[in-house]
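One structure below.
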Amino acid sequence: MAVIQLESVVKSFGSVKAVNDLSFEVGGGEITGFLGANGAGKTTAIKMLLGFIRPDSGRVLVKGRDPQLAETRRLIGFMPETAHYYPYLKVHELLNLYGGLCGMSKAEIAVRFSELIVKVGLTGAENRQLKTFSKGMLQRVGIAQALLHDPAVYILDEPFTGLDPLARIQFRDLLLAEKKAGKTILFSSHELSEAELICDNVVILKEGRAVWSGTTAEVAGDGTQNLERVFLRMLGVAHEEKEAL
């Protein structure tokens, strides 16, 4: 059963069609990679899934519901590519704020905080102000706030950005564990290798359209084809151009 659905979605800003007849689904308990070059329409599609903006036409559903509704938004854990947190807050203060906004009790937040601080690798940094955190550490905070209220659906925008190799492995394992627990995950990324490692399915966008979608098994590296090659082919980048990059 589809948990995330976009059906013939169109969204324009002035004369620019940021999303153009976009359709795809994400099934329950699956990890789907949402890929495309800058300006492909990924962020606009994500904003519609979060209920921040409405499509001009077409349908956007999360668990069969309109994401504009508050009860639908409560089902979603969102991690933005670049989060602007209050720099003078500490991690527990920030998560208390977000937990309260999600309707969690202080007791519930305390239990989840104890679990998440270990899961995301921030043990020992609980009492430091966020202004002292590196980019990678702030990414870990972003992961924690997305998981805080134990949502059914995760929408993650470039979650691997700024993470060192160890943190990438840890976060990859965390996402796979969440999938095993039945969570549905959509993440946009430029990290094709990460998508190939953990995704069940991949959707590639170009100029607001889905130019390729399918299972990761279809593009698993076999010496002649892998996700990177499919991505470049769908974007119309020739091998010679790739070599020059």
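Residues are referred to by chain and number: the chain letter is A, B, ... according to the order shown in the structure tokens, the number counts from 1 in that chain, and ligands are numbered separately from 1 in the order shown.
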Residues near A:Val111, cut-off 12 Å, only C-alpha atoms, skip fewer than 4 positions along chain, as a tab-separated table (two decimals) with C-alpha atoms, in the first residue's frame:
chain	number	residue	atom	x	y	z
A	92	HIS	CA	17.97	18.89	25.18
A	95	LEU	CA	14.37	18.80	21.47
A	96	ASN	CA	12.11	19.91	24.32
A	99	GLY	CA	8.72	17.78	21.23
A	104	MET	CA	4.65	15.27	23.37
A	105	SER	CA	4.70	15.34	27.16
A	106	LYS	CA	7.90	16.21	29.04
A	107	ALA	CA	8.15	12.60	30.21
A	115	GLU	CA	17.43	7.01	23.28
A	116	LEU	CA	18.18	9.43	20.45
A	117	ILE	CA	21.26	11.07	21.93
A	118	VAL	CA	22.93	7.65	21.75
A	148	LEU	CA	11.83	12.60	18.04
A	149	HIS	CA	8.07	11.98	17.95
A	150	ASP	CA	8.48	8.50	16.41
Leaving out stretch 3-7 of chain A and any residue of its chain fewer than 4 positions from it, which residues lie within 7 Å of it when counting only C-alpha atoms, given as a PDB file with N, CA and C atoms, in the first residue's frame?
ATOM      1  N   LEU A  22       4.193  15.415 -12.200  1.00  0.00           N
ATOM      2  CA  LEU A  22       4.996  14.463 -11.425  1.00  0.00           C
ATOM      3  C   LEU A  22       4.110  13.422 -10.743  1.00  0.00           C
ATOM      4  N   SER A  23       4.447  12.161 -10.981  1.00  0.00           N
ATOM      5  CA  SER A  23       3.721  11.052 -10.336  1.00  0.00           C
ATOM      6  C   SER A  23       4.714  10.015  -9.835  1.00  0.00           C
ATOM      7  N   PHE A  24       4.572   9.626  -8.583  1.00  0.00           N
ATOM      8  CA  PHE A  24       5.299   8.476  -8.055  1.00  0.00           C
ATOM      9  C   PHE A  24       4.696   8.094  -6.711  1.00  0.00           C
ATOM     10  N   GLU A  25       5.028   6.891  -6.249  1.00  0.00           N
ATOM     11  CA  GLU A  25       4.530   6.391  -4.973  1.00  0.00           C
ATOM     12  C   GLU A  25       5.678   5.820  -4.156  1.00  0.00           C
ATOM     13  N   VAL A  26       5.502   5.852  -2.829  1.00  0.00           N
ATOM     14  CA  VAL A  26       6.428   5.194  -1.910  1.00  0.00           C
ATOM     15  C   VAL A  26       5.601   4.244  -1.050  1.00  0.00           C
ATOM     16  N   GLY A  27       5.938   2.974  -1.103  1.00  0.00           N
ATOM     17  CA  GLY A  27       5.183   1.985  -0.353  1.00  0.00           C
ATOM     18  C   GLY A  27       5.549   1.969   1.119  1.00  0.00           C
ATOM     19  N   GLY A  28       4.682   1.426   1.933  1.00  0.00           N
ATOM     20  CA  GLY A  28       4.930   1.325   3.365  1.00  0.00           C
ATOM     21  C   GLY A  28       6.143   0.476   3.677  1.00  0.00           C
ATOM     22  N   GLY A  58      -3.352  18.263  -9.650  1.00  0.00           N
ATOM     23  CA  GLY A  58      -2.880  16.958  -9.231  1.00  0.00           C
ATOM     24  C   GLY A  58      -3.168  16.725  -7.756  1.00  0.00           C
ATOM     25  N   ARG A  59      -2.678  15.585  -7.261  1.00  0.00           N
ATOM     26  CA  ARG A  59      -2.994  15.193  -5.889  1.00  0.00           C
ATOM     27  C   ARG A  59      -1.744  14.777  -5.146  1.00  0.00           C
ATOM     28  N   VAL A  60      -1.615  15.238  -3.887  1.00  0.00           N
ATOM     29  CA  VAL A  60      -0.518  14.865  -2.998  1.00  0.00           C
ATOM     30  C   VAL A  60      -1.125  14.284  -1.733  1.00  0.00           C
ATOM     31  N   LEU A  61      -0.731  13.051  -1.393  1.00  0.00           N
ATOM     32  CA  LEU A  61      -1.290  12.386  -0.221  1.00  0.00           C
ATOM     33  C   LEU A  61      -0.190  11.732   0.611  1.00  0.00           C
ATOM     34  N   VAL A  62      -0.340  11.787   1.923  1.00  0.00           N
ATOM     35  CA  VAL A  62       0.525  11.059   2.853  1.00  0.00           C
ATOM     36  C   VAL A  62      -0.383  10.181   3.705  1.00  0.00           C
ATOM     37  N   LYS A  63      -0.225   8.874   3.566  1.00  0.00           N
ATOM     38  CA  LYS A  63      -1.098   7.893   4.226  1.00  0.00           C
ATOM     39  C   LYS A  63      -2.559   8.167   3.890  1.00  0.00           C
ATOM     40  N   GLY A  64      -2.791   8.527   2.637  1.00  0.00           N
ATOM     41  CA  GLY A  64      -4.141   8.750   2.144  1.00  0.00           C
ATOM     42  C   GLY A  64      -4.769  10.058   2.572  1.00  0.00           C
TER      43      GLY A  64
END
For atom CA of A:Lys90 and atom CA of A:Leu163, the interatomic separation in Å (one decimal): 20.1 Å
Picked from stretch 12-238 of chain A by DSSP as alpha helix (DSSP H), as a PyMOL selection string: chain A and resi 42-49+70-73+91-101+106-119+135-147+165-180+192-198+227-234
Contact residues around A:Val211 with only C-alpha atoms at 9 Å, ignoring same-chain residues under 5 positions, as a VMD selection string: chain A and resid 203 to 206 234 to 235
Which residue of A:Lys183, A:Lys47, A:Lys42, A:Lys119 approaches A:Val141 most closely, using only C-alpha atoms: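 Ranked by minimum distance to A:Val141, first place goes to A:Lys119.
Between atom CA of A:Thr216 and atom CA of A:Ala167 the separation is 22.9 Å.
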Selection near A:Ala152, 8 Å with only C-alpha atoms, sequence-local residues under 4 positions removed, as a list in words: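 Selected residues are Leu75, Ile76, Gly77, Gly182, Lys183 and Thr184 of chain A.
Atom pair atom CA of A:Tyr85 / atom CA of A:Ser193 has a distance of 28.8 Å (rounded to one decimal).
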Which stretch 99-171 of chain A residues have any atom within 10 Å of an atom of stretch 194-198 of chain A, and for each, what is the nearest pair of atoms with distance in Å to one decimal, counting only C-alpha atoms, rows sorted by chain and number, as a Markdown table?
| residue | atom | partner | partner_atom | distance |
| --- | --- | --- | --- | --- |
| A:Phe160 | CA | A:Glu194 | CA | 8.2 |
| A:Arg168 | CA | A:Glu194 | CA | 8.6 |
| A:Ile169 | CA | A:Glu194 | CA | 9.4 |
In stretch 3-168 of chain A, DSSP strand (DSSP E or B) residues written as a ChimeraX atom specification: /A:3-13,16-27,31-36,57-62,65,76-79,90,129,153-157
Residues near A:Gln170, cut-off 9 Å, only C-alpha atoms, skip fewer than 5 positions along chain, as a count of residues only: 5
Test item: residues at most 10 Å from A:Glu93, only C-alpha atoms, excluding those fewer than 4 positions along its chain, as a list in words: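 The filter keeps Tyr86, Tyr88, Leu89, Leu97, Tyr98, Gly99, Glu126, Asn127 and Gln129 of chain A.
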Next, dump the selected residues to file, keeping only N, CA and C atoms, as a PDB file, in the first residue's frame.
ATOM      1  N   TYR A  86      18.182  27.722  16.941  1.00  0.00           N
ATOM      2  CA  TYR A  86      18.580  28.796  17.852  1.00  0.00           C
ATOM      3  C   TYR A  86      19.970  28.484  18.397  1.00  0.00           C
ATOM      4  N   TYR A  88      21.880  29.508  20.763  1.00  0.00           N
ATOM      5  CA  TYR A  88      22.206  29.497  22.196  1.00  0.00           C
ATOM      6  C   TYR A  88      21.485  28.381  22.964  1.00  0.00           C
ATOM      7  N   LEU A  89      20.694  27.581  22.254  1.00  0.00           N
ATOM      8  CA  LEU A  89      20.060  26.449  22.906  1.00  0.00           C
ATOM      9  C   LEU A  89      21.016  25.263  22.979  1.00  0.00           C
ATOM     10  N   LEU A  97      11.753  21.813  22.852  1.00  0.00           N
ATOM     11  CA  LEU A  97      10.948  22.746  22.060  1.00  0.00           C
ATOM     12  C   LEU A  97      10.197  22.010  20.955  1.00  0.00           C
ATOM     13  N   TYR A  98      10.923  21.192  20.189  1.00  0.00           N
ATOM     14  CA  TYR A  98      10.295  20.479  19.080  1.00  0.00           C
ATOM     15  C   TYR A  98       9.293  19.437  19.582  1.00  0.00           C
ATOM     16  N   GLY A  99       9.632  18.769  20.665  1.00  0.00           N
ATOM     17  CA  GLY A  99       8.715  17.783  21.226  1.00  0.00           C
ATOM     18  C   GLY A  99       7.411  18.419  21.669  1.00  0.00           C
ATOM     19  N   GLU A 126      25.460  16.984  25.132  1.00  0.00           N
ATOM     20  CA  GLU A 126      24.107  17.439  25.504  1.00  0.00           C
ATOM     21  C   GLU A 126      24.074  18.844  26.084  1.00  0.00           C
ATOM     22  N   ASN A 127      25.140  19.234  26.783  1.00  0.00           N
ATOM     23  CA  ASN A 127      25.134  20.518  27.486  1.00  0.00           C
ATOM     24  C   ASN A 127      25.938  21.605  26.787  1.00  0.00           C
ATOM     25  N   GLN A 129      26.161  24.476  23.777  1.00  0.00           N
ATOM     26  CA  GLN A 129      25.272  25.290  22.946  1.00  0.00           C
ATOM     27  C   GLN A 129      25.469  24.928  21.472  1.00  0.00           C
TER      28      GLN A 129
END
